[in-house]
$ cat protein_6.txt   # compact mmCIF, C-alpha atoms (C1' of nucleotides)
# COMPACT_ATOMS: atom_id res chain seq x y z
CA MET V 1 65.84 115.56 101.79
CA PRO V 2 62.36 116.46 103.09
CA PRO V 3 62.73 118.54 106.23
CA SER V 4 62.40 116.69 109.53
CA ALA V 5 61.56 113.42 107.85
CA VAL V 6 62.52 110.31 109.76
CA PRO V 7 65.05 108.46 107.60
CA ASP V 8 64.12 104.99 106.42
CA PHE V 9 67.07 103.25 107.98
CA PRO V 10 66.21 99.70 106.88
CA GLN V 11 66.04 100.87 103.28
CA LEU V 12 69.27 102.82 103.61
CA LEU V 13 71.01 99.74 104.93
CA ARG V 14 69.68 97.60 102.09
CA ASP V 15 70.68 100.20 99.54
CA ALA V 16 74.19 100.04 100.92
CA GLY V 17 74.22 96.27 100.56
CA LEU V 18 74.16 95.71 104.31
CA ARG V 19 72.00 93.40 106.37
CA VAL V 20 69.28 94.96 108.44
CA THR V 21 70.01 94.04 112.03
CA ARG V 22 68.57 95.37 115.22
CA PRO V 23 71.92 96.57 116.58
CA ARG V 24 72.55 98.59 113.43
CA LEU V 25 69.10 100.17 113.51
CA ALA V 26 69.53 100.99 117.17
CA VAL V 27 72.92 102.55 116.48
CA LEU V 28 71.46 104.70 113.70
CA ASP V 29 68.63 105.79 115.99
CA ALA V 30 71.14 106.67 118.68
CA LEU V 31 73.23 108.73 116.27
CA LEU V 32 70.16 110.57 115.06
CA GLU V 33 69.22 111.36 118.63
CA LEU V 34 72.59 112.20 120.15
CA ALA V 35 74.65 114.24 117.64
CA HIS V 36 78.47 113.88 117.93
CA ALA V 37 78.18 111.03 120.37
CA ASP V 38 81.23 109.11 121.45
CA THR V 39 81.15 105.35 121.39
CA GLU V 40 80.27 104.99 125.04
CA SER V 41 77.26 107.26 124.68
CA VAL V 42 76.12 105.26 121.68
CA ILE V 43 76.42 102.03 123.64
CA HIS V 44 74.30 103.42 126.44
CA ALA V 45 71.63 104.74 124.08
CA VAL V 46 71.50 101.48 122.16
CA ARG V 47 71.04 99.50 125.35
CA ARG V 48 67.89 101.41 126.17
CA ASP V 49 66.35 99.56 123.21
CA LEU V 50 68.43 96.40 123.28
CA PRO V 51 69.78 95.84 126.77
CA GLU V 52 71.91 92.88 125.73
CA VAL V 53 74.03 94.27 122.89
CA SER V 54 77.74 93.89 123.31
CA HIS V 55 80.05 96.84 123.03
CA GLN V 56 81.75 94.95 120.22
CA ALA V 57 78.54 94.94 118.18
CA VAL V 58 78.36 98.71 118.53
CA TYR V 59 81.99 99.11 117.50
CA ASP V 60 81.39 96.85 114.50
CA SER V 61 78.19 98.66 113.52
CA LEU V 62 79.84 102.05 113.74
CA ARG V 63 82.71 100.90 111.61
CA THR V 64 80.43 99.30 109.04
CA LEU V 65 78.09 102.28 108.88
CA THR V 66 81.05 104.62 108.53
CA ALA V 67 82.57 102.56 105.73
CA ALA V 68 79.20 102.51 103.95
CA GLY V 69 78.87 106.27 104.20
CA LEU V 70 75.78 106.20 106.42
CA ALA V 71 77.66 107.59 109.36
CA ARG V 72 80.58 109.92 109.68
CA ARG V 73 83.40 109.61 112.13
CA ILE V 74 85.17 112.64 113.51
CA GLN V 75 87.96 112.76 116.02
CA PRO V 76 89.08 116.23 117.05
CA THR V 77 92.64 116.26 118.36
CA GLY V 78 92.68 115.02 121.93
CA SER V 79 89.18 113.58 121.80
CA VAL V 80 87.88 110.06 121.45
CA ALA V 81 86.08 109.06 118.26
CA ARG V 82 82.69 110.66 117.72
CA TYR V 83 80.02 109.79 115.21
CA GLU V 84 77.09 111.42 113.48
CA VAL V 85 74.59 110.29 110.90
CA ARG V 86 75.74 111.47 107.51
CA VAL V 87 73.27 113.98 106.22
CA GLY V 88 73.38 115.39 102.75
CA ASP V 89 74.81 118.78 103.55
CA ASN V 90 78.52 119.34 103.90
CA HIS V 91 78.72 120.90 107.30
CA HIS V 92 81.69 121.35 109.61
CA HIS V 93 82.37 121.45 113.31
CA LEU V 94 83.09 123.98 116.00
CA VAL V 95 84.89 122.54 119.02
CA CYS V 96 85.44 124.13 122.43
CA ARG V 97 89.05 123.84 123.55
CA SER V 98 88.01 123.85 127.16
CA CYS V 99 85.01 121.56 127.55
CA GLY V 100 85.06 119.73 124.22
CA ALA V 101 81.52 120.66 123.24
CA ILE V 102 80.85 120.28 119.52
CA VAL V 103 78.30 122.08 117.37
CA ASP V 104 77.64 121.99 113.66
CA VAL V 105 78.36 124.93 111.41
CA ASP V 106 77.36 125.35 107.81
CA CYS V 107 79.87 125.80 105.08
CA ALA V 108 81.49 129.19 105.16
CA VAL V 109 81.40 129.71 101.41
CA GLY V 110 78.30 128.51 99.68
CA ARG V 111 77.88 124.76 99.58
CA VAL V 112 81.38 123.45 98.91
CA PRO V 113 83.88 125.56 100.81
CA CYS V 114 87.61 125.15 100.85
CA LEU V 115 87.26 121.98 98.85
CA THR V 116 89.82 122.93 96.29
CA ALA V 117 93.25 123.00 97.82
CA ALA V 118 95.78 125.47 96.50
CA ASP V 119 97.98 122.55 95.43
CA ASP V 120 96.66 118.99 95.45
CA HIS V 121 100.14 117.39 95.32
CA GLY V 122 98.73 114.77 92.95
CA TYR V 123 96.23 113.56 95.51
CA VAL V 124 92.68 112.63 94.51
CA ILE V 125 90.77 114.69 97.05
CA ASP V 126 87.27 113.58 98.01
CA GLU V 127 86.53 115.52 101.16
CA ALA V 128 87.49 118.70 102.96
CA GLU V 129 87.07 118.54 106.70
CA VAL V 130 87.04 121.79 108.63
CA ILE V 131 87.26 122.11 112.39
CA TYR V 132 86.98 125.50 114.05
CA TRP V 133 88.64 125.72 117.46
CA GLY V 134 87.67 128.14 120.16
CA LEU V 135 85.80 128.59 123.42
CA CYS V 136 82.10 127.99 123.82
CA PRO V 137 79.96 130.74 125.38
CA THR V 138 80.02 129.13 128.81
CA CYS V 139 83.77 128.60 128.91
CA SER V 140 84.63 132.03 127.50
CA ALA V 141 82.30 133.76 129.95
CA GLY V 142 83.88 132.44 133.13
CA SER V 143 87.38 133.00 131.73
CA GLU V 144 89.60 130.09 132.71
CA GLY V 145 87.85 128.16 135.37
CA PRO V 146 84.26 126.92 134.93
CA PRO V 147 84.27 123.22 135.81
CA PRO V 148 84.57 121.37 132.52
CA SER V 149 81.99 118.67 132.20
CA ARG V 150 84.42 116.69 130.05
CA THR V 151 88.14 116.13 130.06
CA PRO V 152 89.77 119.37 128.96
CA THR V 153 91.15 118.74 125.54
CA GLU V 154 94.72 119.88 125.80
CA THR V 155 93.79 123.22 127.27
CA GLY V 156 95.99 125.97 125.96
CA GLU V 157 95.83 129.69 125.55
CA ALA V 158 93.90 130.80 122.54
CA ARG V 159 96.24 131.50 119.68
CA ARG V 160 95.87 133.87 116.85
CA VAL V 161 95.49 132.23 113.49
CA MET W 1 110.97 134.61 108.78
CA PRO W 2 114.11 134.56 106.62
CA PRO W 3 113.86 131.69 104.14
CA SER W 4 115.60 128.47 105.14
CA ALA W 5 117.02 129.99 108.30
CA VAL W 6 117.66 127.58 111.11
CA PRO W 7 115.39 128.70 113.95
CA ASP W 8 117.07 129.78 117.17
CA PHE W 9 115.34 127.24 119.35
CA PRO W 10 116.98 128.22 122.66
CA GLN W 11 115.81 131.77 122.17
CA LEU W 12 112.34 130.66 121.18
CA LEU W 13 112.10 128.59 124.33
CA ARG W 14 113.25 131.48 126.49
CA ASP W 15 110.83 133.83 124.79
CA ALA W 16 108.07 131.42 125.67
CA GLY W 17 109.15 131.41 129.28
CA LEU W 18 110.37 127.83 129.13
CA ARG W 19 113.61 126.36 130.30
CA VAL W 20 116.13 125.37 127.69
CA THR W 21 116.75 121.68 128.12
CA ARG W 22 118.44 119.21 125.88
CA PRO W 23 115.40 117.00 125.44
CA ARG W 24 113.32 119.96 124.30
CA LEU W 25 115.95 121.09 121.83
CA ALA W 26 116.27 117.57 120.49
CA VAL W 27 112.50 117.33 120.11
CA LEU W 28 112.40 120.60 118.19
CA ASP W 29 115.22 119.40 115.94
CA ALA W 30 113.37 116.16 115.34
CA LEU W 31 110.17 117.99 114.44
CA LEU W 32 112.03 120.25 112.05
CA GLU W 33 113.57 117.23 110.38
CA LEU W 34 110.66 114.84 110.27
CA ALA W 35 107.46 116.79 109.43
CA HIS W 36 104.21 115.30 110.77
CA ALA W 37 106.03 112.80 112.93
CA ASP W 38 104.16 110.66 115.40
CA THR W 39 105.43 110.39 118.94
CA GLU W 40 107.30 107.15 118.36
CA SER W 41 109.22 108.64 115.43
CA VAL W 42 110.11 111.66 117.53
CA ILE W 43 111.39 109.41 120.30
CA HIS W 44 113.61 107.53 117.87
CA ALA W 45 114.95 110.70 116.31
CA VAL W 46 115.63 112.28 119.68
CA ARG W 47 117.52 109.20 120.83
CA ARG W 48 119.99 109.55 118.00
CA ASP W 49 121.19 112.68 119.83
CA LEU W 50 120.37 111.69 123.38
CA PRO W 51 120.22 107.92 123.66
CA GLU W 52 118.97 107.96 127.23
CA VAL W 53 115.87 110.15 127.04
CA SER W 54 112.74 108.57 128.38
CA HIS W 55 109.57 108.40 126.35
CA GLN W 56 107.93 110.39 129.12
CA ALA W 57 110.32 113.29 128.57
CA VAL W 58 109.33 113.35 124.92
CA TYR W 59 105.64 113.26 125.76
CA ASP W 60 106.14 116.08 128.26
CA SER W 61 108.18 118.14 125.83
CA LEU W 62 105.65 117.73 123.06
CA ARG W 63 102.85 118.75 125.36
CA THR W 64 104.77 121.74 126.67
CA LEU W 65 105.88 122.89 123.24
CA THR W 66 102.35 122.53 121.94
CA ALA W 67 100.91 124.51 124.83
CA ALA W 68 103.50 127.22 124.24
CA GLY W 69 102.65 127.43 120.57
CA LEU W 70 106.08 126.32 119.36
CA ALA W 71 104.69 123.05 118.04
CA ARG W 72 101.36 122.07 116.60
CA ARG W 73 99.56 118.83 117.25
CA ILE W 74 97.33 117.26 114.64
CA GLN W 75 95.45 114.02 114.83
CA PRO W 76 93.60 113.00 111.67
CA THR W 77 90.73 110.62 112.39
CA GLY W 78 92.06 107.13 112.90
CA SER W 79 95.66 108.20 113.35
CA VAL W 80 97.84 108.66 116.39
CA ALA W 81 98.92 112.15 117.38
CA ARG W 82 101.35 113.86 115.03
CA TYR W 83 103.39 116.99 115.56
CA GLU W 84 105.06 119.69 113.51
CA VAL W 85 107.00 122.81 114.35
CA ARG W 86 104.68 125.73 114.16
CA VAL W 87 105.74 127.96 111.34
CA GLY W 88 104.29 131.35 110.72
CA ASP W 89 102.06 130.50 107.81
CA ASN W 90 98.61 129.06 108.31
CA HIS W 91 98.81 125.92 106.23
CA HIS W 92 96.61 122.84 106.20
CA HIS W 93 96.98 119.14 105.59
CA LEU W 94 96.26 116.62 102.91
CA VAL W 95 95.92 113.06 104.19
CA CYS W 96 95.85 109.83 102.19
CA ARG W 97 92.99 107.57 103.27
CA SER W 98 94.95 104.51 102.26
CA CYS W 99 98.50 104.89 103.53
CA GLY W 100 98.13 107.84 105.89
CA ALA W 101 100.74 110.00 104.21
CA ILE W 102 100.44 113.67 105.09
CA VAL W 103 101.57 116.68 103.10
CA ASP W 104 101.18 120.39 103.70
CA VAL W 105 98.98 122.56 101.57
CA ASP W 106 98.75 126.30 101.59
CA CYS W 107 95.55 128.10 102.35
CA ALA W 108 93.02 127.70 99.61
CA VAL W 109 91.83 131.28 99.62
CA GLY W 110 94.46 133.88 100.26
CA ARG W 111 95.93 133.75 103.72
CA VAL W 112 92.93 133.10 105.94
CA PRO W 113 90.66 130.51 104.38
CA CYS W 114 87.35 129.38 105.78
CA LEU W 115 88.31 131.11 108.97
CA THR W 116 85.01 132.86 109.45
CA ALA W 117 82.31 130.33 110.13
CA ALA W 118 78.85 130.99 108.77
CA ASP W 119 77.54 131.03 112.34
CA ASP W 120 79.88 131.08 115.31
CA HIS W 121 77.19 129.94 117.80
CA GLY W 122 78.64 132.37 120.32
CA TYR W 123 82.04 130.65 120.29
CA VAL W 124 85.26 132.67 120.37
CA ILE W 125 87.05 131.10 117.41
CA ASP W 126 90.83 131.22 117.31
CA GLU W 127 91.76 128.66 114.67
CA ALA W 128 90.37 126.97 111.61
CA GLU W 129 91.86 123.56 110.94
CA VAL W 130 91.36 122.10 107.48
CA ILE W 131 92.09 118.50 106.52
CA TYR W 132 91.72 117.37 102.93
CA TRP W 133 91.09 113.64 102.55
CA GLY W 134 91.91 111.64 99.48
CA LEU W 135 94.35 109.21 97.92
CA CYS W 136 98.00 109.96 97.38
CA PRO W 137 99.48 109.45 93.88
CA THR W 138 100.90 106.05 94.76
CA CYS W 139 97.71 104.69 96.29
CA SER W 140 95.44 106.07 93.59
CA ALA W 141 97.68 104.68 90.82
CA GLY W 142 97.66 101.05 91.92
CA SER W 143 93.93 101.24 92.66
CA GLU W 144 93.20 99.36 95.87
CA GLY W 145 96.19 97.32 96.77
CA PRO W 146 99.74 98.73 96.99
CA PRO W 147 101.18 97.58 100.31
CA PRO W 148 100.60 100.45 102.69
CA SER W 149 103.73 101.40 104.58
CA ARG W 150 101.56 102.49 107.49
CA THR W 151 98.42 101.22 109.08
CA PRO W 152 95.54 101.96 106.71
CA THR W 153 93.48 104.65 108.31
CA GLU W 154 89.97 103.28 108.22
CA THR W 155 90.11 102.43 104.57
CA GLY W 156 86.86 103.20 102.84
CA GLU W 157 85.68 103.94 99.35
CA ALA W 158 86.20 107.50 98.31
CA ARG W 159 83.04 109.48 98.79
CA ARG W 160 81.79 112.47 96.93
CA VAL W 161 81.64 115.60 99.02
C1' DG C 1 128.91 127.81 144.36
C1' DT C 2 124.33 127.26 146.42
C1' DT C 3 119.51 126.75 146.33
C1' DG C 4 114.86 126.10 144.90
C1' DT C 5 111.91 124.96 141.27
C1' DT C 6 111.20 122.80 137.07
C1' DT C 7 112.08 118.89 134.40
C1' DC C 8 113.44 114.12 133.60
C1' DT C 9 113.70 108.93 134.83
C1' DT C 10 111.59 104.89 136.15
C1' DG C 11 107.87 101.92 136.38
C1' DA C 12 103.19 100.99 136.73
C1' DC C 13 98.64 101.73 135.04
C1' DT C 14 94.42 103.31 132.41
C1' DG C 15 90.87 103.15 128.98
C1' DG C 16 89.46 103.22 124.22
C1' DT C 17 89.74 100.10 120.70
C1' DT C 18 90.81 95.79 118.44
C1' DC C 19 91.43 90.62 117.98
C1' DA C 20 89.74 85.86 117.96
C1' DA C 21 86.71 81.85 118.37
C1' DG C 22 82.35 80.20 118.45
C1' DA C 23 77.09 80.98 118.63
C1' DA C 24 73.20 83.29 116.59
C1' DT C 25 70.75 85.60 113.02
C1' DG C 26 69.23 87.50 108.50
C1' DG C 27 67.59 86.54 104.06
C1' DG C 28 67.71 84.20 99.50
C1' DG C 29 66.71 79.59 97.41
C1' DG C 30 64.14 75.33 97.47
C1' DC J 1 57.22 78.15 104.80
C1' DC J 2 61.58 76.08 105.99
C1' DC J 3 66.55 75.34 105.25
C1' DC J 4 71.11 76.69 104.85
C1' DC J 5 75.18 79.51 104.74
C1' DA J 6 77.52 83.76 104.96
C1' DT J 7 77.41 87.54 107.78
C1' DT J 8 76.94 89.41 112.23
C1' DC J 9 76.90 89.25 117.23
C1' DT J 10 78.64 87.49 122.00
C1' DT J 11 82.17 86.59 125.06
C1' DG J 12 86.49 87.35 126.87
C1' DA J 13 91.05 88.61 126.37
C1' DA J 14 94.67 91.47 124.59
C1' DC J 15 96.85 95.67 122.82
C1' DC J 16 98.99 100.12 122.95
C1' DA J 17 99.16 105.22 122.92
C1' DG J 18 99.09 108.02 126.39
C1' DT J 19 98.92 109.26 131.48
C1' DC J 20 100.01 109.18 136.55
C1' DA J 21 103.12 109.29 140.47
C1' DA J 22 107.37 109.46 143.24
C1' DG J 23 111.93 110.45 143.49
C1' DA J 24 116.42 111.98 141.09
C1' DA J 25 118.65 115.24 138.14
C1' DA J 26 119.20 119.53 135.71
C1' DC J 27 118.48 124.34 134.84
C1' DA J 28 118.84 129.17 136.14
C1' DA J 29 118.79 133.03 139.47
C1' DC J 30 121.45 134.76 143.20

$ encode --input "protein_6.txt" --output "structure tokens"
Amino acid sequence: MPPSAVPDFPQLLRDAGLRVTRPRLAVLDALLELAHADTESVIHAVRRDLPEVSHQAVYDSLRTLTAAGLARRIQPTGSVARYEVRVGDNHHHLVCRSCGAIVDVDCAVGRVPCLTAADDHGYVIDEAEVIYWGLCPTCSAGSEGPPPSRTPTETGEARRV
Amino acid sequence: MPPSAVPDFPQLLRDAGLRVTRPRLAVLDALLELAHADTESVIHAVRRDLPEVSHQAVYDSLRTLTAAGLARRIQPTGSVARYEVRVGDNHHHLVCRSCGAIVDVDCAVGRVPCLTAADDHGYVIDEAEVIYWGLCPTCSAGSEGPPPSRTPTETGEARRV
DNA sequence: GTTGTTTCTTGACTGGTTCAAGAATGGGGG
DNA sequence: CCCCCATTCTTGAACCAGTCAAGAAACAAC
């Protein structure tokens, strides 16, 4: 993918066999802008362009885009569903136990990391999802108590792995 | 840990500074028996021993045990919360996209897999959680349609990684 | 045994997500 | 360029895992 090129969303939708609708384009724009947005954030962003879209349209679009592989849905334990546009690289996520902030991290080992499980139990594996848990710089600095901007996600003491 | 030894749950609770109550012991027994049980399954299992426990007691116990590190909570995207007793090894999970079945897999690479992120972004990382997604033998055999025993977790075509 | 704190019971409630019926819209064929 | 039909969106209600709150019961130290 050319660096910092704006994706041709209408074409991507057509390639996936989906209709090109304004809600879907607005949702894709919102995902591109927001990074790890929950559904509510997406709804708000979409309504800046299209004030009249229903929340249901956003839910439907997110589901359709996810099923088509244009978006990716993640849901760290204790969090609501979050979405991101699916870019070509296989990156993973780093989640703060205290404030829930999420950042992307590249694969630890080359391009395809722990993809091969030690024993596949007969499963046909198509994806390895990795979530690193810890404390973000802000939360680990003021140990314990800096006011979380989000609902603390099952706050617990950090455990050794 | 001695192989196939029954854990001394009362002692484990005391060591964690928790009171030894019958609901908690029953929850631990249920987790040991069930493996990746959702809350409803735990409630049913617990009520075989203690018919009168409230669902709230189970929720509280699961939260407390998780916070104390005696249990582990996982929540694959699209699924409800599931719990397992926390054993010493650092294993991961293999989830069927179609029927939601979950099995354990050992670490891919030695004992600590992709634990070290390529860039920690200043986070203090304490755990790496790996979920492999795919189709279980049953679901991949009858391609598409064998009646899922559970709610299909956001069924989508298998994607390449 | 007594006492004080933690935990459990009961019952109501929340909020993210889904369901359902009908209106609107996108896009290929005429 | 317009028509038509399947797909998609709007509206409004419902669902359900999980949480909150107040009082009763149980655990554990003395």

$ interface_residues --input "protein_6.txt" --of "chain W" --to "chain C" --cutoff "12 Å" --atoms "all atoms listed in the file" --output "VMD selection string"
chain W and resid 17 to 24 52 to 61 64 78

$ atom_distance --input "protein_6.txt" --atom1 "CA of Ala71 in chain V" --atom2 "CA of Glu84 in chain V"
5.7 Å

$ closest_residue --input "protein_6.txt" --among "W:Val103, W:Ala81, W:Ile125, W:Ala16" --to "chain V" --atoms "all atoms listed in the file"
W:Ile125

$ atom_distance --input "protein_6.txt" --atom1 "CA of Leu31 in chain V" --atom2 "CA of Arg73 in chain V"
11.0 Å

$ closest_atom_pairs --input "protein_6.txt" --of "chain J" --to "chain W" --cutoff "9 Å" --atoms "all atoms listed in the file" --output "Markdown table"
| residue | atom | partner | partner_atom | distance |
| --- | --- | --- | --- | --- |
| J:DA17 | C1' | W:Val80 | CA | 7.5 |
| J:DG18 | C1' | W:Tyr59 | CA | 8.4 |
| J:DA26 | C1' | W:Thr21 | CA | 8.3 |
| J:DC27 | C1' | W:Arg19 | CA | 7.0 |
| J:DA28 | C1' | W:Arg19 | CA | 8.3 |

$ interface_residues --input "protein_6.txt" --of "chain V" --to "chain W" --cutoff "7 Å" --atoms "all atoms listed in the file" --output "MDAnalysis selection string"
chainID V and resid 67 74:75 77 90 105:108 114 116:119 122:137 156 158:161

$ atom_distance --input "protein_6.txt" --atom1 "C1' of DT10 in chain J" --atom2 "CA of Leu13 in chain V"
22.4 Å

$ closest_residue --input "protein_6.txt" --among "V:Asp29, V:Val42, V:Leu62, V:Ser98" --to "Ala141 in chain V" --atoms "all atoms listed in the file"
V:Ser98
